[in-house]
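Peer 1: Handing you this structure, nothing more for now.
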Amino acid sequence: MTRTTPRLIGMELLLLNVQKKLNPTARKKRTAQNLPVHSFSTLMADLVTITLNTIASKLEGADLTFLKITQPTPVQQKALDLLGVSLFVPSK
């Protein structure tokens, strides 16, 4: 079962809005590493799609809960690497 928060819906709408504003030429530009070129706003819109999910089991007799971060795309990972940001979640 997935629960979508209003904040996530807002971020998805932001991403769609930014993508609609791009002209076709801008969407085709690539870096030397063949990654899509982003402006600051499109990169931020892309990065906000990384989510932290809490997964809880419904197994009888077991109360298991863990956190999972969505796997970043190559562009997101490159941005995180350049910023020196880790998506590692320390265990509680």
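Quick note on naming: the chains in the structure tokens go A, B, ... in the order shown, residues restart at 1 in each chain, and ligands are numbered from 1 in order of appearance.
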As a ChimeraX atom specification, please: the residues near Gln77 of chain A (cut-off 12 Å, only C-alpha atoms, same-chain neighbours under 3 positions excluded).

Peer 2: /A:35,43,46-47,50,70-74,80-87

Peer 1: Could you turn the residues from that selection into a file that holds N, CA and C atoms, as a compact mmCIF listing (two decimals), in the first residue's frame?

Peer 2:
```
# COMPACT_ATOMS: atom_id res chain seq x y z
N LEU A 35 24.83 12.63 -20.27
CA LEU A 35 23.73 12.86 -19.34
C LEU A 35 22.97 14.09 -19.80
N LEU A 43 17.17 20.67 -12.34
CA LEU A 43 17.92 19.74 -11.51
C LEU A 43 17.26 19.60 -10.14
N ASP A 46 14.28 17.51 -10.45
CA ASP A 46 14.67 16.11 -10.61
C ASP A 46 15.08 15.52 -9.26
N LEU A 47 15.86 16.25 -8.46
CA LEU A 47 16.33 15.74 -7.18
C LEU A 47 15.21 15.50 -6.17
N ILE A 50 13.65 11.95 -5.41
CA ILE A 50 14.27 10.94 -4.54
C ILE A 50 13.46 10.92 -3.24
N THR A 70 14.75 5.64 -2.68
CA THR A 70 14.72 5.29 -4.09
C THR A 70 16.12 5.43 -4.68
N GLN A 71 16.42 4.57 -5.63
CA GLN A 71 17.75 4.61 -6.26
C GLN A 71 17.83 5.83 -7.18
N PRO A 72 18.86 6.66 -6.99
CA PRO A 72 18.98 7.85 -7.84
C PRO A 72 19.31 7.47 -9.28
N THR A 73 18.83 8.30 -10.20
CA THR A 73 19.18 8.14 -11.60
C THR A 73 20.65 8.53 -11.77
N PRO A 74 21.26 8.24 -12.90
CA PRO A 74 22.66 8.65 -13.10
C PRO A 74 22.86 10.17 -12.94
N LEU A 80 24.59 14.46 -6.66
CA LEU A 80 24.86 14.14 -5.25
C LEU A 80 26.36 13.98 -5.01
N ASP A 81 27.04 13.32 -5.94
CA ASP A 81 28.49 13.15 -5.82
C ASP A 81 29.20 14.50 -5.83
N LEU A 82 28.81 15.38 -6.74
CA LEU A 82 29.44 16.70 -6.82
C LEU A 82 29.18 17.52 -5.55
N LEU A 83 28.03 17.31 -4.94
CA LEU A 83 27.69 18.02 -3.69
C LEU A 83 28.27 17.34 -2.46
N GLY A 84 28.79 16.13 -2.62
CA GLY A 84 29.32 15.38 -1.49
C GLY A 84 28.22 14.89 -0.55
N VAL A 85 27.06 14.58 -1.12
CA VAL A 85 25.91 14.14 -0.32
C VAL A 85 25.76 12.63 -0.44
N SER A 86 25.52 11.99 0.70
CA SER A 86 25.28 10.55 0.72
C SER A 86 23.82 10.29 1.03
N LEU A 87 23.25 9.27 0.41
CA LEU A 87 21.88 8.89 0.69
C LEU A 87 21.80 7.75 1.69
```

Peer 1: Quick one: everything within 8 Å of segment 53-59 of chain A, counting only C-alpha atoms, minus sequence neighbours fewer than 3 positions away in the same chain. Send it as a list of chain:residue names.

Peer 2: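 Listing them by chain and then by number gives A:Ala62, A:Asp63, A:Leu64, A:Thr65, A:Phe66, A:Leu67, A:Lys68, A:Ile69, A:Thr70.
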
Peer 1: Work out how far atom CA of Leu52 of chain A is from atom CA of Val75 of chain A, in Å to one decimal.

Peer 2: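 Computing it gives 18.3 Å between the two atoms.
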